[in-house]
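Data block for input.cif (mmCIF, C-alpha atoms):
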data_work
loop_
_atom_site.label_atom_id
_atom_site.label_comp_id
_atom_site.auth_asym_id
_atom_site.auth_seq_id
_atom_site.Cartn_x
_atom_site.Cartn_y
_atom_site.Cartn_z
CA MET A 1 0.00 0.00 0.00
CA ARG A 2 3.02 2.25 0.24
CA ASN A 3 2.79 4.95 -2.48
CA ILE A 4 0.44 2.96 -4.60
CA GLY A 5 -0.56 4.26 -8.07
CA ALA A 6 -3.90 6.07 -8.49
CA THR A 7 -5.38 3.60 -10.98
CA LYS A 8 -4.39 0.60 -8.93
CA PHE A 9 -5.78 2.29 -5.83
CA LEU A 10 -9.14 2.98 -7.51
CA ILE A 11 -9.36 -0.67 -8.61
CA ILE A 12 -8.59 -1.83 -5.06
CA ILE A 13 -11.27 0.51 -3.72
CA PHE A 14 -13.74 -0.82 -6.30
CA ILE A 15 -13.06 -4.44 -5.30
CA ALA A 16 -13.24 -3.51 -1.61
CA ASN A 17 -16.64 -1.93 -2.23
CA ILE A 18 -17.89 -5.15 -3.83
CA ILE A 19 -16.58 -7.21 -0.89
CA GLU A 20 -18.23 -4.81 1.55
CA SER A 21 -21.57 -5.05 -0.27
CA LEU A 22 -21.36 -8.84 -0.08
CA LEU A 23 -20.35 -8.96 3.58
CA ALA A 24 -22.72 -6.31 4.94
CA PRO A 25 -26.01 -8.28 4.67
CA GLN A 26 -24.48 -11.21 6.58
CA LEU A 27 -22.70 -9.14 9.22
CA ILE A 28 -25.69 -6.97 10.04
CA ASN A 29 -27.39 -10.07 11.52
CA PHE A 30 -24.70 -9.96 14.22
CA TYR A 31 -25.02 -6.17 14.73
CA LEU A 32 -21.68 -5.74 13.06
CA SER A 33 -20.47 -3.43 10.33
CA ILE A 34 -16.98 -3.55 8.82
CA PRO A 35 -16.51 -0.66 6.37
CA VAL A 36 -13.86 -2.36 4.21
CA THR A 37 -13.62 0.50 1.69
CA PHE A 38 -13.09 3.11 4.37
CA LEU A 39 -10.53 0.97 6.16
CA ILE A 40 -8.54 0.32 3.01
CA PHE A 41 -8.54 4.01 2.20
CA SER A 42 -7.45 4.85 5.77
CA PHE A 43 -4.72 2.24 5.68
CA ALA A 44 -3.40 3.54 2.34
CA ILE A 45 -3.32 7.10 3.69
CA PHE A 46 -1.72 5.91 6.91
CA ARG A 47 1.05 4.06 5.10
CA SER A 48 1.69 6.71 2.47
CA SER A 49 4.97 8.52 2.89
CA LYS A 50 3.96 11.37 0.61
CA LYS A 51 2.39 14.62 1.69
CA LEU A 52 -1.34 14.06 1.66
CA ASN A 53 -3.46 15.94 -0.81
CA PRO A 54 -6.99 16.84 0.37
CA LEU A 55 -8.18 16.83 -3.24
CA LEU A 56 -7.15 13.17 -3.55
CA ALA A 57 -9.14 12.21 -0.44
CA PHE A 58 -12.13 14.23 -1.62
CA SER A 59 -12.04 12.71 -5.13
CA CYS A 60 -11.65 9.22 -3.74
CA GLY A 61 -14.65 9.82 -1.46
CA LEU A 62 -16.75 11.03 -4.41
CA TYR A 63 -15.73 7.92 -6.34
CA VAL A 64 -16.85 5.71 -3.44
CA ASP A 65 -20.11 7.67 -3.25
CA LEU A 66 -20.67 6.92 -6.91
CA ILE A 67 -19.92 3.20 -6.81
CA SER A 68 -21.70 2.58 -3.50
CA SER A 69 -24.83 4.59 -4.38
CA SER A 70 -24.40 6.76 -1.28
CA PRO A 71 -25.47 10.41 -1.25
CA PHE A 72 -22.80 12.51 -2.95
CA GLY A 73 -20.51 14.17 -0.43
CA LEU A 74 -20.98 11.65 2.39
CA ASN A 75 -17.86 9.57 1.83
CA ALA A 76 -16.08 12.55 0.27
CA GLY A 77 -16.44 14.50 3.52
CA ILE A 78 -15.57 11.61 5.82
CA PHE A 79 -12.56 10.61 3.73
CA THR A 80 -11.30 14.20 3.76
CA ILE A 81 -11.72 14.42 7.54
CA MET A 82 -9.99 11.06 7.98
CA SER A 83 -7.17 12.16 5.73
CA TYR A 84 -6.78 15.32 7.77
CA ALA A 85 -6.80 13.41 11.07
CA ILE A 86 -4.13 11.00 9.86
CA SER A 87 -2.02 13.93 8.55
CA ILE A 88 -2.27 15.74 11.87
CA TYR A 89 -1.29 12.66 13.88
CA ALA A 90 1.20 11.34 11.32
CA ASN A 91 4.17 11.93 13.58
CA THR A 92 2.30 11.14 16.78
CA PHE A 93 1.53 7.64 15.42
CA LYS A 94 5.24 6.90 15.57
CA LEU A 95 5.02 7.17 19.35
CA PHE A 96 1.89 5.03 19.52
CA SER A 97 1.92 1.32 20.14
CA TYR A 98 0.03 -1.00 17.81
CA ILE A 99 -2.86 -1.29 20.23
CA GLN A 100 -3.25 2.49 20.39
CA ILE A 101 -3.27 2.68 16.61
CA CYS A 102 -5.88 -0.09 16.50
CA ILE A 103 -8.05 1.80 19.00
CA PHE A 104 -7.69 4.97 16.92
CA PHE A 105 -8.88 3.15 13.80
CA GLY A 106 -11.64 1.44 15.79
CA ILE A 107 -12.95 4.80 16.92
CA SER A 108 -12.67 6.13 13.35
CA THR A 109 -14.68 3.16 12.10
CA VAL A 110 -17.41 3.75 14.65
CA PHE A 111 -17.48 7.41 13.71
CA TYR A 112 -17.79 6.46 10.02
CA VAL A 113 -20.52 3.85 10.62
CA GLY A 114 -22.43 6.15 12.97
CA PHE A 115 -22.27 9.14 10.65
CA LYS A 116 -23.30 7.05 7.65
CA ASN A 117 -26.25 5.60 9.60
CA LEU A 118 -27.29 9.11 10.67
CA ILE A 119 -27.48 10.21 7.06
CA MET A 120 -28.70 7.08 5.30
CA ASN A 121 -30.42 4.92 7.89
CA LEU A 122 -31.70 7.12 10.71
CA GLU A 123 -34.81 5.00 11.34
CA ASN A 124 -32.67 1.98 12.22
CA PHE A 125 -29.91 3.77 14.06
CA SER A 126 -28.52 1.36 16.63
CA TYR A 127 -26.05 1.97 19.47
CA LEU A 128 -25.65 -1.77 19.80
CA LEU A 129 -24.38 -1.88 16.20
CA LEU A 130 -21.84 0.85 17.01
CA PHE A 131 -20.68 -0.82 20.20
CA VAL A 132 -20.31 -4.29 18.65
CA SER A 133 -18.60 -2.81 15.58
CA PHE A 134 -16.20 -0.90 17.82
CA LEU A 135 -15.12 -4.01 19.74
CA ILE A 136 -14.97 -6.38 16.79
CA ASN A 137 -13.11 -3.92 14.57
CA ILE A 138 -10.47 -3.29 17.23
CA LEU A 139 -10.08 -7.03 17.67
CA LEU A 140 -9.81 -7.47 13.91
CA PHE A 141 -7.15 -4.76 13.62
CA LEU A 142 -5.17 -6.33 16.46
CA LEU A 143 -5.28 -9.67 14.71
CA LEU A 144 -4.20 -8.06 11.46
CA SER A 145 -1.35 -6.22 13.18
CA MET A 146 -0.16 -9.55 14.61
CA LEU A 147 0.41 -10.76 11.06
CA ARG A 148 3.72 -8.92 11.07
CA TYR A 149 5.12 -11.57 13.40
CA TYR A 150 4.39 -14.18 10.76
CA PHE A 151 5.07 -11.99 7.71
CA PRO A 152 7.84 -9.56 8.68
CA SER A 153 7.67 -7.81 5.30
CA MET A 154 4.23 -6.47 6.30
CA SER A 155 5.52 -4.54 9.33
CA ILE A 156 5.29 -0.76 9.20
CA ARG A 157 8.59 1.06 8.74
CA TYR A 158 8.81 4.74 9.54
CA ASP A 159 11.22 6.81 7.45
CA MET B 1 11.90 11.23 5.78
CA SER B 2 9.08 12.19 8.12
CA ARG B 3 5.74 13.30 6.79
CA VAL B 4 5.02 17.01 6.84
CA VAL B 5 2.21 18.08 9.13
CA PRO B 6 -0.46 20.13 7.26
CA THR B 7 0.36 23.79 7.03
CA SER B 8 -2.22 26.54 7.49
CA GLY B 9 -2.81 26.54 3.72
CA SER B 10 -3.39 22.78 3.69
CA LYS B 11 -5.72 23.04 6.65
CA LEU B 12 -7.70 25.67 4.79
CA LEU B 13 -7.85 23.38 1.79
CA TYR B 14 -9.10 20.52 3.98
CA PHE B 15 -11.73 22.82 5.47
CA PHE B 16 -12.73 23.91 1.99
CA PHE B 17 -13.21 20.33 0.76
CA VAL B 18 -15.15 19.37 3.87
CA CYS B 19 -17.45 22.32 3.22
CA ILE B 20 -17.82 21.30 -0.42
CA SER B 21 -18.69 17.77 0.71
CA GLY B 22 -21.31 19.14 3.09
CA LEU B 23 -22.75 21.25 0.30
CA PHE B 24 -22.87 18.25 -2.06
CA LEU B 25 -24.56 16.21 0.63
CA TYR B 26 -27.15 18.89 1.29
CA ILE B 27 -27.89 19.35 -2.42
CA ASP B 28 -28.12 15.59 -3.02
CA LEU B 29 -30.39 14.91 -0.04
CA ASN B 30 -32.72 17.84 -0.68
CA TYR B 31 -32.77 18.29 -4.43
CA LYS B 32 -31.56 14.90 -5.75
CA SER B 33 -29.29 16.81 -8.10
CA PHE B 34 -26.86 13.94 -8.69
CA GLU B 35 -29.47 11.34 -9.61
CA GLY B 36 -28.57 11.69 -13.28
CA ILE B 37 -24.92 10.83 -12.67
CA LYS B 38 -25.85 7.90 -10.44
CA ASN B 39 -28.35 6.56 -12.95
CA PHE B 40 -25.82 6.93 -15.74
CA TYR B 41 -23.26 4.98 -13.71
CA GLN B 42 -25.78 2.25 -12.84
CA SER B 43 -26.87 1.88 -16.47
CA PHE B 44 -23.19 1.74 -17.48
CA VAL B 45 -22.57 -1.05 -14.94
CA ILE B 46 -25.62 -3.00 -16.07
CA SER B 47 -24.73 -2.61 -19.77
CA SER B 48 -21.12 -3.66 -19.09
CA LYS B 49 -22.28 -6.72 -17.17
CA TYR B 50 -24.61 -7.63 -20.01
CA LEU B 51 -21.91 -7.21 -22.67
CA VAL B 52 -19.30 -9.12 -20.66
CA ASN B 53 -21.83 -11.86 -20.07
CA LYS B 54 -22.63 -12.00 -23.78
CA ALA B 55 -18.98 -12.09 -24.76
CA THR B 56 -17.62 -14.54 -22.20
CA VAL B 57 -20.10 -16.54 -20.13
CA GLU B 58 -22.73 -17.27 -22.79
CA PRO B 59 -20.33 -18.78 -25.37
CA ILE B 60 -18.89 -21.03 -22.65
CA ILE B 61 -22.39 -22.08 -21.56
CA PHE B 62 -23.30 -22.72 -25.19
CA LEU B 63 -20.26 -24.98 -25.65
CA TYR B 64 -21.08 -26.78 -22.43
CA GLU B 65 -24.69 -27.29 -23.52
CA VAL B 66 -23.57 -28.71 -26.86
CA THR B 67 -21.37 -31.30 -25.15
CA LYS B 68 -24.01 -32.00 -22.55
CA ASP B 69 -26.70 -32.68 -25.18
CA LYS B 70 -24.95 -35.87 -26.22
CA SER B 71 -24.83 -37.29 -22.71
CA ASP B 72 -28.44 -36.18 -22.19
CA LEU B 73 -29.41 -38.12 -25.28
CA ILE B 74 -27.63 -41.24 -23.99
CA ASN B 75 -29.33 -40.90 -20.61
CA GLU B 76 -32.69 -40.39 -22.29
CA ASN B 77 -32.10 -43.52 -24.33
CA LYS B 78 -31.29 -45.52 -21.18
CA LYS B 79 -34.38 -44.13 -19.49
CA LEU B 80 -36.58 -45.10 -22.43
CA LYS B 81 -35.10 -48.61 -22.47
CA LEU B 82 -35.89 -48.93 -18.78
CA GLU B 83 -39.44 -47.72 -19.34
CA LEU B 84 -39.84 -50.26 -22.15
CA ASP B 85 -38.63 -53.09 -19.91
CA LYS B 86 -40.97 -51.87 -17.23
CA SER B 87 -43.88 -51.87 -19.66
CA TYR B 88 -43.08 -55.49 -20.66
CA ILE B 89 -43.42 -56.56 -17.04
CA SER B 90 -46.53 -54.43 -16.60
CA ASN B 91 -48.01 -56.14 -19.64
CA PHE B 92 -47.36 -59.50 -18.06
CA ILE B 93 -49.05 -58.43 -14.85
CA ILE B 94 -51.98 -56.83 -16.69
CA SER B 95 -52.50 -59.82 -18.99
CA ASN B 96 -52.61 -62.04 -15.91
CA ASP B 97 -54.39 -59.64 -13.57
CA SER B 98 -57.31 -61.99 -12.99
CA LYS B 99 -54.80 -64.58 -11.75
CA PHE B 100 -53.18 -62.16 -9.34
CA PHE B 101 -56.35 -60.49 -8.13
CA ALA B 102 -60.01 -61.44 -8.20
CA ASP B 103 -61.13 -58.11 -9.68
CA ASP B 104 -60.24 -54.42 -9.86
CA GLU B 105 -61.60 -53.81 -6.37
CA ALA B 106 -59.28 -56.45 -5.01
CA ILE B 107 -56.30 -54.70 -6.63
CA LYS B 108 -57.34 -51.35 -5.16
CA ASN B 109 -57.93 -52.81 -1.71
CA PHE B 110 -54.62 -54.62 -1.79
CA LEU B 111 -52.73 -51.47 -2.79
CA LYS B 112 -54.58 -49.34 -0.26
CA LEU B 113 -54.15 -51.83 2.55
CA ASN B 114 -50.40 -52.09 2.06
CA ASN B 115 -49.75 -48.45 1.10
CA ILE B 116 -48.35 -49.60 -2.21
CA GLU B 117 -48.12 -47.33 -5.21
CA GLU B 118 -47.26 -50.06 -7.70
CA VAL B 119 -47.90 -53.80 -7.75
CA PHE B 120 -44.29 -54.52 -8.61
CA TYR B 121 -40.86 -52.98 -8.14
CA LEU B 122 -38.55 -52.76 -11.07
CA ALA B 123 -35.15 -54.36 -10.50
CA LYS B 124 -32.02 -54.90 -12.50
CA LEU B 125 -30.09 -58.12 -12.77
CA GLN B 126 -26.74 -57.45 -11.10
CA TYR B 127 -25.13 -60.86 -11.22
CA PHE B 128 -26.09 -64.09 -12.89
CA ASP B 129 -23.71 -66.99 -13.32
CA ALA B 130 -24.86 -68.34 -16.69
CA GLU B 131 -22.21 -71.07 -16.64
CA MET B 132 -23.50 -72.38 -13.32
CA TYR B 133 -27.03 -72.14 -14.71
CA LEU B 134 -26.19 -74.28 -17.75
CA CYS B 135 -24.00 -76.85 -16.02
CA CYS B 136 -24.94 -77.23 -12.40
CA SER B 137 -27.79 -77.53 -9.98
CA LYS B 138 -27.49 -74.24 -8.11
CA HIS B 139 -29.48 -71.64 -10.03
CA ARG B 140 -29.37 -68.22 -8.40
CA ALA B 141 -29.58 -64.62 -9.62
CA PHE B 142 -28.77 -61.40 -7.79
CA ILE B 143 -30.93 -58.36 -8.47
CA GLN B 144 -31.14 -54.81 -7.20
CA THR B 145 -34.26 -52.63 -7.15
CA TYR B 146 -34.19 -49.17 -8.70
CA ASN B 147 -36.22 -47.20 -6.19
CA SER B 148 -37.33 -49.31 -3.29
CA ASN B 149 -35.17 -50.40 -0.38
CA ASN B 150 -37.88 -52.54 1.12
CA ASN B 151 -37.23 -56.04 2.24
CA HIS B 152 -38.69 -58.27 -0.47
CA ILE B 153 -37.86 -61.69 0.99
CA GLY B 154 -40.47 -64.19 -0.15
CA SER B 155 -41.64 -62.05 -3.07
CA PRO B 156 -42.07 -63.63 -6.51
CA VAL B 157 -39.82 -62.34 -9.28
CA VAL B 158 -41.14 -62.13 -12.86
CA ASN B 159 -39.92 -61.04 -16.25
CA GLN B 160 -41.90 -60.35 -19.40
CA ASP B 161 -42.45 -64.10 -20.00
CA GLY B 162 -43.56 -65.18 -16.58
CA ILE B 163 -42.39 -66.27 -13.15
CA ILE B 164 -38.66 -66.90 -12.80
CA GLY B 165 -38.25 -67.43 -9.05
CA GLN B 166 -38.53 -65.96 -5.58
CA ILE B 167 -36.34 -63.80 -3.35
CA ILE B 168 -34.76 -65.77 -0.54
CA TYR B 169 -32.28 -63.26 0.82
CA GLY B 170 -32.28 -59.50 0.68
CA ASN B 171 -29.81 -56.89 1.69
CA SER B 172 -28.29 -54.37 -0.67
CA LEU B 173 -28.68 -57.07 -3.31
CA SER B 174 -31.53 -59.56 -3.36
CA GLU B 175 -30.82 -63.21 -4.05
CA VAL B 176 -33.35 -64.95 -6.28
CA LEU B 177 -33.89 -68.68 -6.06
CA LEU B 178 -34.81 -69.68 -9.60
CA LEU B 179 -37.55 -72.23 -10.37
CA THR B 180 -34.94 -74.58 -11.84
CA ASP B 181 -32.75 -74.67 -8.68
CA ILE B 182 -32.85 -78.12 -7.09
CA ASP B 183 -33.84 -76.55 -3.74
CA HIS B 184 -36.91 -74.94 -5.25
CA VAL B 185 -40.36 -76.47 -5.12
CA LEU B 186 -43.30 -75.02 -7.05
CA PRO B 187 -46.82 -76.38 -6.53
CA VAL B 188 -48.38 -76.66 -10.00
CA VAL B 189 -51.76 -77.74 -11.27
CA SER B 190 -53.36 -78.81 -14.51
CA GLY B 191 -57.07 -79.52 -14.31
CA ASP B 192 -57.44 -81.68 -11.20
CA HIS B 193 -53.87 -82.82 -11.22
CA PHE B 194 -51.81 -81.22 -8.44
CA CYS B 195 -48.09 -81.75 -8.11
CA ASN B 196 -45.04 -80.27 -6.42
CA ALA B 197 -42.57 -79.50 -9.20
CA LYS B 198 -38.94 -79.50 -8.09
CA GLY B 199 -36.13 -77.71 -9.82
CA SER B 200 -34.22 -80.08 -12.05
CA GLY B 201 -30.89 -78.28 -12.03
CA LYS B 202 -31.24 -78.07 -15.81
CA PRO B 203 -32.10 -74.85 -17.64
CA GLU B 204 -35.81 -74.13 -18.15
CA THR B 205 -36.85 -77.49 -16.74
CA ILE B 206 -38.68 -78.52 -13.59
CA ILE B 207 -39.62 -82.04 -12.62
CA CYS B 208 -42.83 -83.40 -11.20
CA LYS B 209 -43.04 -86.83 -9.59
CA TYR B 210 -46.37 -88.28 -8.57
CA ASN B 211 -47.96 -91.50 -7.43
CA ASN B 212 -50.00 -92.76 -10.35
CA LYS B 213 -52.25 -94.75 -8.01
CA LEU B 214 -53.22 -91.52 -6.29
CA TRP B 215 -53.51 -89.35 -9.43
CA GLN B 216 -54.94 -91.57 -12.04
CA GLN B 217 -55.39 -88.83 -14.63
CA LYS B 218 -52.98 -89.22 -17.50
CA VAL B 219 -50.46 -86.52 -18.22
CA ALA B 220 -49.82 -85.81 -21.88
CA ILE B 221 -46.89 -84.28 -23.69
CA GLY B 222 -47.54 -80.59 -24.36
CA GLN B 223 -50.03 -80.29 -21.48
CA ASN B 224 -50.01 -76.86 -19.82
CA PHE B 225 -49.28 -76.57 -16.11
CA TYR B 226 -50.15 -73.56 -14.01
CA SER B 227 -49.15 -72.33 -10.60
CA SER B 228 -51.60 -73.63 -8.01
CA GLY B 229 -50.99 -70.94 -5.37
CA MET B 230 -50.72 -73.69 -2.76
CA GLY B 231 -47.22 -72.62 -1.67
CA GLY B 232 -48.38 -69.18 -0.58
CA ILE B 233 -45.67 -67.47 -2.58
CA TYR B 234 -46.83 -67.37 -6.20
CA PRO B 235 -50.26 -66.28 -7.41
CA LYS B 236 -52.63 -68.95 -8.63
CA GLY B 237 -53.23 -69.70 -12.31
CA ILE B 238 -50.07 -68.37 -13.93
CA LEU B 239 -48.87 -70.47 -16.84
CA VAL B 240 -45.64 -72.15 -15.78
CA GLY B 241 -44.81 -74.42 -18.73
CA LYS B 242 -45.64 -77.41 -20.87
CA VAL B 243 -44.90 -81.11 -20.33
CA LYS B 244 -42.05 -82.21 -22.53
CA GLU B 245 -41.11 -85.69 -21.27
CA ILE B 246 -42.83 -88.40 -19.20
CA ARG B 247 -41.15 -91.46 -17.70
CA GLU B 248 -41.83 -94.24 -15.18
CA VAL B 249 -39.19 -94.03 -12.47
CA GLU B 250 -40.26 -96.57 -9.90
CA GLU B 251 -43.15 -98.85 -9.42
CA ASN B 252 -46.30 -96.69 -9.14
CA PHE B 253 -44.34 -93.48 -9.60
CA THR B 254 -44.29 -91.37 -12.72
CA GLU B 255 -42.06 -88.42 -13.38
CA PHE B 256 -42.51 -85.77 -16.04
CA GLU B 257 -40.47 -82.76 -17.05
CA ILE B 258 -42.07 -79.38 -17.57
CA HIS B 259 -40.43 -76.99 -19.99
CA LEU B 260 -40.77 -73.53 -18.46
CA ILE B 261 -42.12 -70.70 -20.58
CA SER B 262 -39.99 -68.13 -18.77
CA ASN B 263 -36.26 -67.90 -19.26
CA PRO B 264 -34.19 -65.89 -16.76
CA LEU B 265 -31.74 -65.09 -19.56
CA ALA B 266 -34.44 -63.36 -21.60
CA SER B 267 -34.09 -59.98 -19.93
CA ASN B 268 -31.86 -58.24 -17.42
CA ILE B 269 -34.81 -56.24 -16.11
CA VAL B 270 -37.21 -58.01 -13.77
CA GLY B 271 -40.16 -57.13 -11.57
CA ILE B 272 -40.54 -57.98 -7.90
CA LEU B 273 -44.16 -58.53 -6.98
CA GLU B 274 -45.46 -57.49 -3.61
CA SER B 275 -45.86 -60.58 -1.42
CA LEU B 276 -49.41 -61.73 -1.87
#
As structure tokens:
Amino acid sequence: MRNIGATKFLIIIFIANIIESLLAPQLINFYLSIPVTFLIFSFAIFRSSKKLNPLLAFSCGLYVDLISSSPFGLNAGIFTIMSYAISIYANTFKLFSYIQICIFFGISTVFYVGFKNLIMNLENFSYLLLFVSFLINILLFLLLSMLRYYFPSMSIRYD
Amino acid sequence: MSRVVPTSGSKLLYFFFVCISGLFLYIDLNYKSFEGIKNFYQSFVISSKYLVNKATVEPIIFLYEVTKDKSDLINENKKLKLELDKSYISNFIISNDSKFFADDEAIKNFLKLNNIEEVFYLAKLQYFDAEMYLCCSKHRAFIQTYNSNNNHIGSPVVNQDGIIGQIIYGNSLSEVLLLTDIDHVLPVVSGDHFCNAKGSGKPETIICKYNNKLWQQKVAIGQNFYSSGMGGIYPKGILVGKVKEIREVEENFTEFEIHLISNPLASNIVGILESL
């Protein structure tokens, strides 16, 4: 994901959106939401060593809005905010442990899911969904971060 | 190299894009202004799927269908052959229905009483030692039913010509004791002449031995013998065979051979009748 090309990134986002649309109907039965597209975008931004461009985040968000049939501006806004948050804390993350980073992304996920539900699904807004998603997503990120013990090439290197 | 924290200009740019996003969201939710773009994208996706499907999946399915047609035809042919064999056996049952059952009501009552959908089960010959059949005294056949897993021990087995034997052992395969096996005894009758015909150990031949002081009626060559139903296994009145040879064996005892009308080698499809 480090400095990935724009075309490749858009294709990855497109595939992630398909996976998310397939997973969501099953996961919602367990009061769980895993926003795969958002997480992949966040991870790409997080790992990028370049200076982040707000236009890129905004455009990417609009693209996700288009392919996921969300209201225009919803993902664009959230992606821009996420990009800004990661830029602000870019150097602070170096001081964080993996668990702190996982909690940060868990909170971001809950914020994303909650905000999306507020806009698109207010009638079925559920705190239980947010709570379960928060716990499960953090657990999932911890498990993913443990992969570096088995695949050392996946570990994050700070320049 | 460490990443540069957003400058005031960048922050302003972020703020600007967040505001633009908010504006887009407001416009979309209230005025549905972007419906056209969304519909265009959706129609593009659907058209692309259709074209890709036409260009890739459908030709493959077509090729598959072409190859499958041949095997379908073979299967259809097998199915028709099976149906034909089944109809032969049905014909036998129908042409002898008055022997199996007194009348139509009796058939209905019998089927209803035993929860039976058909009067016979179709079975396929799985193993038959023709060499043993032609040379020796042990005449057995092994059959397997197509649909039913019921225990058919004691049930008569018929083919399109007539009775060929009865089931004596049943598991996954059923063992049929043929009429010509030396262990088999079939009560037969012709007019008032009753006799227990034993298997001769020779193909298509059973032997009857009787006391000619007891049964004074003469038996003639070519005389028809029918099942008497006295054994409780086979239905009464089914044509079994014709007398082909008569001989005096002991004092007061006459023996005659009956040539069976049914040949177990005639067909590899047989019917198992419900025990009557």
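For the pair atom CA of A:Leu135 and atom CA of A:Ser83, the interatomic distance is 22.8 Å.
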With a cut-off of 7 Å and counting all atoms listed in the file, select all residues of chain A in contact with chain B and give the selection as a ChimeraX atom specification. /A:49-51,54,58,66,69,71-74,76-77,80,84,87-88,90,159
Can you list what the PyMOL selection byres ((chain B and resi 184) around 12) grabs from this structure, as a ChimeraX atom specification? /B:137-140,164-168,176-183,185-187,196-201,205-208,231,233
Name the residues in contact with stretch 152-159 of chain B at a cut-off of 10 Å, using only C-alpha atoms, excluding same-chain residues fewer than 6 positions from it; report them as a PDB file with C-alpha atoms, in the frame of the given file.
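Wrote it out as selection-v9.pdb, contents follow:
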ATOM      1  CA  ASP B  85     -38.630 -53.090 -19.910  1.00  0.00           C
ATOM      2  CA  LYS B  86     -40.970 -51.870 -17.230  1.00  0.00           C
ATOM      3  CA  TYR B  88     -43.080 -55.490 -20.660  1.00  0.00           C
ATOM      4  CA  ILE B  89     -43.420 -56.560 -17.040  1.00  0.00           C
ATOM      5  CA  SER B  90     -46.530 -54.430 -16.600  1.00  0.00           C
ATOM      6  CA  PHE B  92     -47.360 -59.500 -18.060  1.00  0.00           C
ATOM      7  CA  ILE B  93     -49.050 -58.430 -14.850  1.00  0.00           C
ATOM      8  CA  PHE B 120     -44.290 -54.520  -8.610  1.00  0.00           C
ATOM      9  CA  TYR B 121     -40.860 -52.980  -8.140  1.00  0.00           C
ATOM     10  CA  LEU B 122     -38.550 -52.760 -11.070  1.00  0.00           C
ATOM     11  CA  ALA B 123     -35.150 -54.360 -10.500  1.00  0.00           C
ATOM     12  CA  ILE B 143     -30.930 -58.360  -8.470  1.00  0.00           C
ATOM     13  CA  THR B 145     -34.260 -52.630  -7.150  1.00  0.00           C
ATOM     14  CA  GLY B 165     -38.250 -67.430  -9.050  1.00  0.00           C
ATOM     15  CA  GLN B 166     -38.530 -65.960  -5.580  1.00  0.00           C
ATOM     16  CA  ILE B 167     -36.340 -63.800  -3.350  1.00  0.00           C
ATOM     17  CA  ILE B 168     -34.760 -65.770  -0.540  1.00  0.00           C
ATOM     18  CA  TYR B 169     -32.280 -63.260   0.820  1.00  0.00           C
ATOM     19  CA  GLY B 170     -32.280 -59.500   0.680  1.00  0.00           C
ATOM     20  CA  ASN B 171     -29.810 -56.890   1.690  1.00  0.00           C
ATOM     21  CA  SER B 174     -31.530 -59.560  -3.360  1.00  0.00           C
ATOM     22  CA  GLU B 175     -30.820 -63.210  -4.050  1.00  0.00           C
ATOM     23  CA  VAL B 176     -33.350 -64.950  -6.280  1.00  0.00           C
ATOM     24  CA  LEU B 177     -33.890 -68.680  -6.060  1.00  0.00           C
ATOM     25  CA  LEU B 178     -34.810 -69.680  -9.600  1.00  0.00           C
ATOM     26  CA  GLY B 232     -48.380 -69.180  -0.580  1.00  0.00           C
ATOM     27  CA  ILE B 233     -45.670 -67.470  -2.580  1.00  0.00           C
ATOM     28  CA  TYR B 234     -46.830 -67.370  -6.200  1.00  0.00           C
ATOM     29  CA  PRO B 235     -50.260 -66.280  -7.410  1.00  0.00           C
ATOM     30  CA  SER B 262     -39.990 -68.130 -18.770  1.00  0.00           C
ATOM     31  CA  ASN B 263     -36.260 -67.900 -19.260  1.00  0.00           C
ATOM     32  CA  PRO B 264     -34.190 -65.890 -16.760  1.00  0.00           C
ATOM     33  CA  LEU B 265     -31.740 -65.090 -19.560  1.00  0.00           C
ATOM     34  CA  ALA B 266     -34.440 -63.360 -21.600  1.00  0.00           C
ATOM     35  CA  SER B 267     -34.090 -59.980 -19.930  1.00  0.00           C
ATOM     36  CA  ASN B 268     -31.860 -58.240 -17.420  1.00  0.00           C
ATOM     37  CA  ILE B 269     -34.810 -56.240 -16.110  1.00  0.00           C
ATOM     38  CA  VAL B 270     -37.210 -58.010 -13.770  1.00  0.00           C
ATOM     39  CA  GLY B 271     -40.160 -57.130 -11.570  1.00  0.00           C
ATOM     40  CA  ILE B 272     -40.540 -57.980  -7.900  1.00  0.00           C
ATOM     41  CA  LEU B 273     -44.160 -58.530  -6.980  1.00  0.00           C
ATOM     42  CA  GLU B 274     -45.460 -57.490  -3.610  1.00  0.00           C
ATOM     43  CA  SER B 275     -45.860 -60.580  -1.420  1.00  0.00           C
ATOM     44  CA  LEU B 276     -49.410 -61.730  -1.870  1.00  0.00           C
TER      45      LEU B 276
END
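Here atom CA of B:His193 and atom CA of B:Gln216 stand 8.9 Å from one another.
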Starting from the shown file, work through the PyMOL selection byres ((chain A and resi 97-102) around 9) and note down what comes out as an mmCIF file with C-alpha atoms, in the frame of the given file.
data_model
loop_
_atom_site.group_PDB
_atom_site.id
_atom_site.type_symbol
_atom_site.label_atom_id
_atom_site.label_comp_id
_atom_site.auth_asym_id
_atom_site.auth_seq_id
_atom_site.Cartn_x
_atom_site.Cartn_y
_atom_site.Cartn_z
ATOM 1 C CA PHE A 93 1.530 7.640 15.420
ATOM 2 C CA LYS A 94 5.240 6.900 15.570
ATOM 3 C CA LEU A 95 5.020 7.170 19.350
ATOM 4 C CA PHE A 96 1.890 5.030 19.520
ATOM 5 C CA ILE A 103 -8.050 1.800 19.000
ATOM 6 C CA PHE A 104 -7.690 4.970 16.920
ATOM 7 C CA PHE A 105 -8.880 3.150 13.800
ATOM 8 C CA GLY A 106 -11.640 1.440 15.790
ATOM 9 C CA ILE A 107 -12.950 4.800 16.920
ATOM 10 C CA ASN A 137 -13.110 -3.920 14.570
ATOM 11 C CA ILE A 138 -10.470 -3.290 17.230
ATOM 12 C CA LEU A 139 -10.080 -7.030 17.670
ATOM 13 C CA LEU A 140 -9.810 -7.470 13.910
ATOM 14 C CA PHE A 141 -7.150 -4.760 13.620
ATOM 15 C CA LEU A 142 -5.170 -6.330 16.460
ATOM 16 C CA SER A 145 -1.350 -6.220 13.180
#
